[in-house]
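Trainee: Take a look at this one; I'll ask things after.
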Amino acid sequence: MTGSPLNGSPKPLLAQARHIVVEGPIGAGKTTLARRLAAHLQARPLIEDPDANPFLGRFYQDRHRYALPTQLHFLLKRHEQLAALQEHLLPAEATPVVCDFLAEKDALFARLNLDDDELALYQRIRQQAPLPELAPDLVIFLQAAPENLIARVRRRASANERTVDDTYLVRLADAYSHFAYHYDACPVMIVNSDNLNFADRDDDFHLLLERLATQRSHREFFNLGG
């Protein structure tokens, strides 16, 4: 299933992209795929490293109490990462970059986790110190059924993420599905990863590469039936 042609260009989007983002909820496999894609493309990986946030473990234990400092730490880190990325991409000959996060995800998590007063404060801070505007050339959204995300988190997530309760993961998966559906800042490939394992199966990774190599439309979908 494909969308309408983008600017009539016959050239695959992956071949033109200098800034690629892999996104998805916890357990979708975005960091694994971002690293593999960067290695394959001889690109520079830019990885979020959420466990470097000193508030994250406490947030998963008590989300109401630690949501705001957790969110503000991520926001400041995002400023640093995007400013550095913007500078890196200035030369036309710069090495392509593959990231495992979108700047817009911060607002998604803020709406999900902050109460009204905290959200208003967070939004004021973002307005006073806006993130660098840096739309990617291509976004790969990974999706999966909540039960599969939960199973993956319980099996192989970080120590912090393994403490996340199932209800939160379901809410997060729903929020990401809505986010992906409405995201329109650049071309998008939406990937149903229920039957794909980019960590352990090379064939799955190469199937995705083949699909990406043919993408020429603004919004396309990859779904490997099981």
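We label chains A, B, ... in the order they appear in the structure tokens, count residues from 1 in each chain, and number ligands from 1 in the order shown.
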Residues at most 9 Å from Phe109 in chain A, counting only C-alpha atoms, excluding those fewer than 4 positions away in the same chain, as a VMD selection string?
Mentor: chain A and resid 71 105 113 to 114 172 175
Trainee: Leaving out Ile150 in chain A and any residue of its chain fewer than 6 positions from it, which residues lie within 9 Å of it when counting only C-alpha atoms, given as an mmCIF file with all heavy atoms, in the first residue's frame?
Mentor:
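The new file part-v3.cif reads:
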```cif
data_model
loop_
_atom_site.group_PDB
_atom_site.id
_atom_site.type_symbol
_atom_site.label_atom_id
_atom_site.label_comp_id
_atom_site.auth_asym_id
_atom_site.auth_seq_id
_atom_site.Cartn_x
_atom_site.Cartn_y
_atom_site.Cartn_z
ATOM 1 N N ILE A 26 8.267 1.908 23.522
ATOM 2 C CA ILE A 26 9.162 0.996 24.218
ATOM 3 C C ILE A 26 8.853 -0.439 23.784
ATOM 4 O O ILE A 26 7.701 -0.859 23.762
ATOM 5 C CB ILE A 26 8.984 1.131 25.737
ATOM 6 C CG1 ILE A 26 9.304 2.547 26.215
ATOM 7 C CG2 ILE A 26 9.861 0.126 26.479
ATOM 8 C CD1 ILE A 26 8.900 2.814 27.654
ATOM 9 N N GLY A 27 9.888 -1.176 23.416
ATOM 10 C CA GLY A 27 9.703 -2.554 23.003
ATOM 11 C C GLY A 27 9.545 -2.752 21.517
ATOM 12 O O GLY A 27 9.511 -3.893 21.042
ATOM 13 N N ASP A 165 4.718 -0.805 34.114
ATOM 14 C CA ASP A 165 3.534 -1.657 34.202
ATOM 15 C C ASP A 165 2.855 -1.760 32.834
ATOM 16 O O ASP A 165 3.023 -0.906 31.953
ATOM 17 C CB ASP A 165 2.561 -1.144 35.264
ATOM 18 C CG ASP A 165 1.998 0.235 34.951
ATOM 19 O OD1 ASP A 165 1.161 0.327 34.042
ATOM 20 O OD2 ASP A 165 2.395 1.205 35.617
ATOM 21 N N ASP A 166 2.074 -2.822 32.671
ATOM 22 C CA ASP A 166 1.461 -3.128 31.383
ATOM 23 C C ASP A 166 0.502 -2.031 30.921
ATOM 24 O O ASP A 166 0.431 -1.716 29.731
ATOM 25 C CB ASP A 166 0.712 -4.459 31.451
ATOM 26 C CG ASP A 166 1.637 -5.654 31.658
ATOM 27 O OD1 ASP A 166 2.868 -5.442 31.684
ATOM 28 O OD2 ASP A 166 1.128 -6.776 31.799
ATOM 29 N N LEU A 169 2.307 0.730 29.163
ATOM 30 C CA LEU A 169 2.780 0.341 27.838
ATOM 31 C C LEU A 169 1.649 0.353 26.819
ATOM 32 O O LEU A 169 1.846 0.741 25.658
ATOM 33 C CB LEU A 169 3.429 -1.039 27.902
ATOM 34 C CG LEU A 169 4.757 -1.110 28.652
ATOM 35 C CD1 LEU A 169 5.208 -2.559 28.814
ATOM 36 C CD2 LEU A 169 5.837 -0.310 27.932
ATOM 37 N N VAL A 170 0.451 -0.045 27.233
ATOM 38 C CA VAL A 170 -0.706 -0.002 26.328
ATOM 39 C C VAL A 170 -1.046 1.444 25.977
ATOM 40 O O VAL A 170 -1.292 1.781 24.811
ATOM 41 C CB VAL A 170 -1.918 -0.711 26.965
ATOM 42 C CG1 VAL A 170 -3.179 -0.480 26.133
ATOM 43 C CG2 VAL A 170 -1.649 -2.207 27.109
#
```
Trainee: Give the answer as one residue: which of A:Arg162, A:His40, A:His79, A:Arg63 has the shortest atom-to-atom distance to Pro130 in chain A, using only C-alpha atoms?
Mentor: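 Closest residue, counting only C-alpha atoms: A:His79.
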Trainee: Taking the chain letters and numbering used in this document, name the residues of range 33-122 of chain A that DSSP puts in strand (DSSP E or B), as a ChimeraX atom specification.
Mentor: /A:44-46,97-99
Trainee: Once you count only C-alpha atoms, what closest atom pair and distance in Å to one decimal does each residue of range 86-134 of chain A within 8 Å of range 18-22 of chain A have, with rows by chain and rising residue number, as a tab-separated table?
Mentor:
```
residue	atom	partner	partner_atom	distance
A:Leu89	CA	A:Arg18	CA	7.8
A:Thr95	CA	A:Arg18	CA	7.3
A:Pro96	CA	A:Arg18	CA	4.2
A:Val97	CA	A:His19	CA	5.0
A:Val98	CA	A:Ile20	CA	4.7
A:Cys99	CA	A:Val21	CA	4.7
A:Asp100	CA	A:Val22	CA	4.8
A:Phe101	CA	A:Val21	CA	6.2
A:Leu102	CA	A:Val21	CA	6.7
```
Trainee: Would you mind exporting all heavy atoms of the selected residues as a short mmCIF file (atom, residue, chain, number, x, y, z; two decimals), in the first residue's frame?
Mentor:
```cif
data_model
loop_
_atom_site.label_atom_id
_atom_site.label_comp_id
_atom_site.auth_asym_id
_atom_site.auth_seq_id
_atom_site.Cartn_x
_atom_site.Cartn_y
_atom_site.Cartn_z
N LEU A 89 25.04 18.47 10.14
CA LEU A 89 24.43 18.32 8.83
C LEU A 89 24.58 19.55 7.94
O LEU A 89 24.16 19.53 6.77
CB LEU A 89 22.94 17.99 8.97
CG LEU A 89 22.61 16.60 9.54
CD1 LEU A 89 21.11 16.48 9.77
CD2 LEU A 89 23.10 15.51 8.60
N THR A 95 28.33 13.19 6.64
CA THR A 95 27.90 11.80 6.78
C THR A 95 26.43 11.76 7.19
O THR A 95 26.01 12.49 8.09
CB THR A 95 28.75 11.10 7.85
OG1 THR A 95 30.12 11.21 7.51
CG2 THR A 95 28.35 9.63 7.98
N PRO A 96 25.62 10.92 6.57
CA PRO A 96 24.22 10.78 7.01
C PRO A 96 24.14 10.34 8.47
O PRO A 96 25.07 9.74 9.02
CB PRO A 96 23.66 9.70 6.07
CG PRO A 96 24.56 9.71 4.87
CD PRO A 96 25.93 10.09 5.39
N VAL A 97 23.00 10.63 9.08
CA VAL A 97 22.78 10.31 10.49
C VAL A 97 21.49 9.52 10.63
O VAL A 97 20.48 9.84 9.99
CB VAL A 97 22.71 11.59 11.34
CG1 VAL A 97 22.38 11.26 12.79
CG2 VAL A 97 24.02 12.37 11.25
N VAL A 98 21.54 8.48 11.45
CA VAL A 98 20.34 7.71 11.79
C VAL A 98 20.10 7.86 13.29
O VAL A 98 20.95 7.50 14.10
CB VAL A 98 20.48 6.22 11.43
CG1 VAL A 98 19.21 5.47 11.80
CG2 VAL A 98 20.79 6.05 9.94
N CYS A 99 18.93 8.41 13.66
CA CYS A 99 18.57 8.64 15.06
C CYS A 99 17.49 7.65 15.50
O CYS A 99 16.74 7.14 14.67
CB CYS A 99 18.02 10.06 15.24
SG CYS A 99 19.07 11.38 14.64
N ASP A 100 17.41 7.44 16.79
CA ASP A 100 16.32 6.61 17.32
C ASP A 100 15.30 7.44 18.10
O ASP A 100 14.63 6.94 19.00
CB ASP A 100 16.87 5.47 18.18
CG ASP A 100 17.43 5.93 19.52
OD1 ASP A 100 17.71 7.14 19.66
OD2 ASP A 100 17.59 5.08 20.42
N PHE A 101 15.17 8.73 17.74
CA PHE A 101 14.18 9.57 18.39
C PHE A 101 13.81 10.73 17.48
O PHE A 101 14.61 11.19 16.67
CB PHE A 101 14.69 10.12 19.72
CG PHE A 101 15.87 11.05 19.58
CD1 PHE A 101 15.70 12.41 19.40
CD2 PHE A 101 17.17 10.55 19.61
CE1 PHE A 101 16.79 13.27 19.26
CE2 PHE A 101 18.26 11.39 19.48
CZ PHE A 101 18.08 12.75 19.30
N LEU A 102 12.59 11.20 17.62
CA LEU A 102 12.11 12.44 17.03
C LEU A 102 11.98 13.49 18.12
O LEU A 102 11.61 13.17 19.26
CB LEU A 102 10.73 12.25 16.40
CG LEU A 102 10.63 11.77 14.96
CD1 LEU A 102 9.17 11.43 14.64
CD2 LEU A 102 11.15 12.82 13.99
#
```
Trainee: Would you work out the distance separating CA of Glu23 in chain A from CA of His64 in chain A, expressed in Å to one decimal?
Mentor: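 Answer for the CA of Glu23 in chain A to CA of His64 in chain A separation: 24.9 Å.
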Trainee: What's the 12 Å shell around range 184-187 of chain A, counting only C-alpha atoms, without same-chain residues fewer than 5 positions away, as number ranges by chain?
Mentor: A: 2-7, 12-14, 16-17, 19-21, 102-104, 133-141, 179, 212, 215-221
Trainee: Produce a file of the selected residues containing N, CA and C atoms, as a compact mmCIF listing (two decimals), in the first residue's frame.
Mentor:
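What landed in out02.txt:
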```
# COMPACT_ATOMS: atom_id res chain seq x y z
N THR A 2 0.65 2.16 -0.87
CA THR A 2 1.49 3.34 -0.97
C THR A 2 0.63 4.58 -1.02
N GLY A 3 1.25 5.73 -0.75
CA GLY A 3 0.59 7.00 -0.87
C GLY A 3 0.83 7.58 -2.24
N SER A 4 0.54 8.88 -2.40
CA SER A 4 0.74 9.52 -3.69
C SER A 4 2.20 9.83 -3.89
N PRO A 5 2.67 9.92 -5.17
CA PRO A 5 4.09 10.19 -5.43
C PRO A 5 4.53 11.50 -4.82
N LEU A 6 5.72 11.53 -4.32
CA LEU A 6 6.29 12.72 -3.69
C LEU A 6 7.11 13.49 -4.72
N ASN A 7 6.55 14.65 -5.16
CA ASN A 7 7.24 15.53 -6.11
C ASN A 7 7.57 14.82 -7.42
N PRO A 12 14.45 6.49 -5.03
CA PRO A 12 14.03 6.08 -3.69
C PRO A 12 14.45 7.07 -2.62
N LEU A 13 13.56 7.26 -1.64
CA LEU A 13 13.82 8.24 -0.60
C LEU A 13 15.03 7.87 0.25
N LEU A 14 15.24 6.57 0.49
CA LEU A 14 16.36 6.14 1.32
C LEU A 14 17.69 6.58 0.71
N GLN A 16 18.30 9.24 -0.89
CA GLN A 16 18.49 10.69 -0.80
C GLN A 16 18.65 11.18 0.64
N ALA A 17 18.26 10.35 1.60
CA ALA A 17 18.13 10.80 2.98
C ALA A 17 19.49 11.02 3.64
N HIS A 19 19.22 12.47 6.96
CA HIS A 19 18.78 12.46 8.35
C HIS A 19 17.58 11.52 8.44
N ILE A 20 17.81 10.32 8.98
CA ILE A 20 16.79 9.29 9.09
C ILE A 20 16.48 9.07 10.57
N VAL A 21 15.21 8.88 10.88
CA VAL A 21 14.80 8.62 12.26
C VAL A 21 14.01 7.32 12.31
N LEU A 102 12.59 11.20 17.62
CA LEU A 102 12.11 12.44 17.03
C LEU A 102 11.98 13.49 18.12
N ALA A 103 12.24 14.74 17.78
CA ALA A 103 12.08 15.81 18.76
C ALA A 103 10.64 15.87 19.27
N GLU A 104 9.69 15.57 18.39
CA GLU A 104 8.27 15.68 18.75
C GLU A 104 7.83 14.67 19.81
N GLU A 133 14.72 23.53 14.86
CA GLU A 133 13.82 22.98 13.85
C GLU A 133 14.65 22.16 12.87
N LEU A 134 14.41 20.86 12.87
CA LEU A 134 15.25 19.96 12.09
C LEU A 134 14.41 18.76 11.65
N ALA A 135 13.64 18.94 10.59
CA ALA A 135 12.80 17.85 10.10
C ALA A 135 13.67 16.78 9.44
N PRO A 136 13.45 15.52 9.73
CA PRO A 136 14.22 14.46 9.07
C PRO A 136 13.87 14.35 7.59
N ASP A 137 14.65 13.60 6.88
CA ASP A 137 14.34 13.29 5.48
C ASP A 137 13.45 12.06 5.37
N LEU A 138 13.48 11.21 6.39
CA LEU A 138 12.69 9.98 6.38
C LEU A 138 12.50 9.51 7.81
N VAL A 139 11.28 9.11 8.15
CA VAL A 139 10.99 8.53 9.47
C VAL A 139 10.44 7.13 9.27
N ILE A 140 10.99 6.18 10.03
CA ILE A 140 10.49 4.80 10.06
C ILE A 140 9.81 4.61 11.40
N PHE A 141 8.48 4.47 11.38
CA PHE A 141 7.72 4.25 12.60
C PHE A 141 7.52 2.76 12.79
N PHE A 179 0.14 9.30 17.04
CA PHE A 179 1.23 10.18 16.63
C PHE A 179 1.69 9.85 15.21
N LEU A 212 12.36 -0.38 1.92
CA LEU A 212 12.78 1.03 1.96
C LEU A 212 13.40 1.47 0.64
N GLN A 215 10.75 2.84 -1.69
CA GLN A 215 9.82 3.89 -1.25
C GLN A 215 10.04 5.17 -2.03
N ARG A 216 8.96 5.67 -2.62
CA ARG A 216 9.01 6.94 -3.35
C ARG A 216 7.86 7.87 -2.96
N SER A 217 6.99 7.42 -2.08
CA SER A 217 5.81 8.19 -1.71
C SER A 217 5.95 8.76 -0.30
N HIS A 218 5.08 9.70 0.01
CA HIS A 218 5.19 10.41 1.28
C HIS A 218 4.85 9.50 2.46
N ARG A 219 3.96 8.55 2.27
CA ARG A 219 3.56 7.65 3.36
C ARG A 219 3.35 6.26 2.80
N GLU A 220 4.11 5.31 3.31
CA GLU A 220 3.97 3.93 2.87
C GLU A 220 3.96 3.00 4.09
N PHE A 221 3.59 1.73 3.84
CA PHE A 221 3.38 0.78 4.92
C PHE A 221 4.08 -0.54 4.58
```
Trainee: Near Asp194 in chain A, within 8 Å and counting only C-alpha atoms, which residues show up once chain neighbours fewer than 2 positions away are dropped, as a ChimeraX atom specification?
Mentor: /A:143-145,148,192,196
Trainee: Excluding Leu208 in chain A and its own-chain neighbours fewer than 4 positions away, which residues fall within 9 Å of it when counting only C-alpha atoms? Please give them as a ChimeraX atom specification.
Mentor: /A:191,203-204,212-213,222
Trainee: Print the selection's residues with C-alpha atoms to a file, as an mmCIF file, in the first residue's frame.
Mentor:
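The resulting result08.cif:
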```
data_model
loop_
_atom_site.group_PDB
_atom_site.id
_atom_site.type_symbol
_atom_site.label_atom_id
_atom_site.label_comp_id
_atom_site.auth_asym_id
_atom_site.auth_seq_id
_atom_site.Cartn_x
_atom_site.Cartn_y
_atom_site.Cartn_z
ATOM 1 C CA VAL A 191 6.301 -0.814 9.845
ATOM 2 C CA ASP A 203 16.411 -11.855 6.791
ATOM 3 C CA ASP A 204 13.907 -9.508 8.448
ATOM 4 C CA LEU A 212 12.775 1.026 1.961
ATOM 5 C CA ALA A 213 14.781 0.890 -1.266
ATOM 6 C CA PHE A 222 5.260 -2.463 5.467
#
```
Trainee: Using only C-alpha atoms, determine which residues lie at most 10 Å from range 48-59 of chain A, disregarding the query and same-chain residues fewer than 3 positions distant; provide the list as a list of chain:residue names.
Mentor: A:Thr31, A:Pro45, A:Asp62, A:Arg63, A:His64, A:Arg65, A:Tyr66, A:Ala67, A:Leu68, A:Pro69, A:Thr70, A:Gln71, A:Leu72, A:His73, A:Phe74, A:Lys77, A:Arg78, A:Gln81, A:Cys99, A:Asp100, A:Phe101, A:Leu102, A:Asn113, A:Ser158, A:Ala159, A:Asn160, A:Glu161, A:Thr163, A:Val164
Trainee: Applying 9 Å and only C-alpha atoms, which residues near Gly29 in chain A remain after dropping the ones on its own chain fewer than 3 positions away? List them as a ChimeraX atom specification.
Mentor: /A:23-26,32-34,142,152,193,197-199
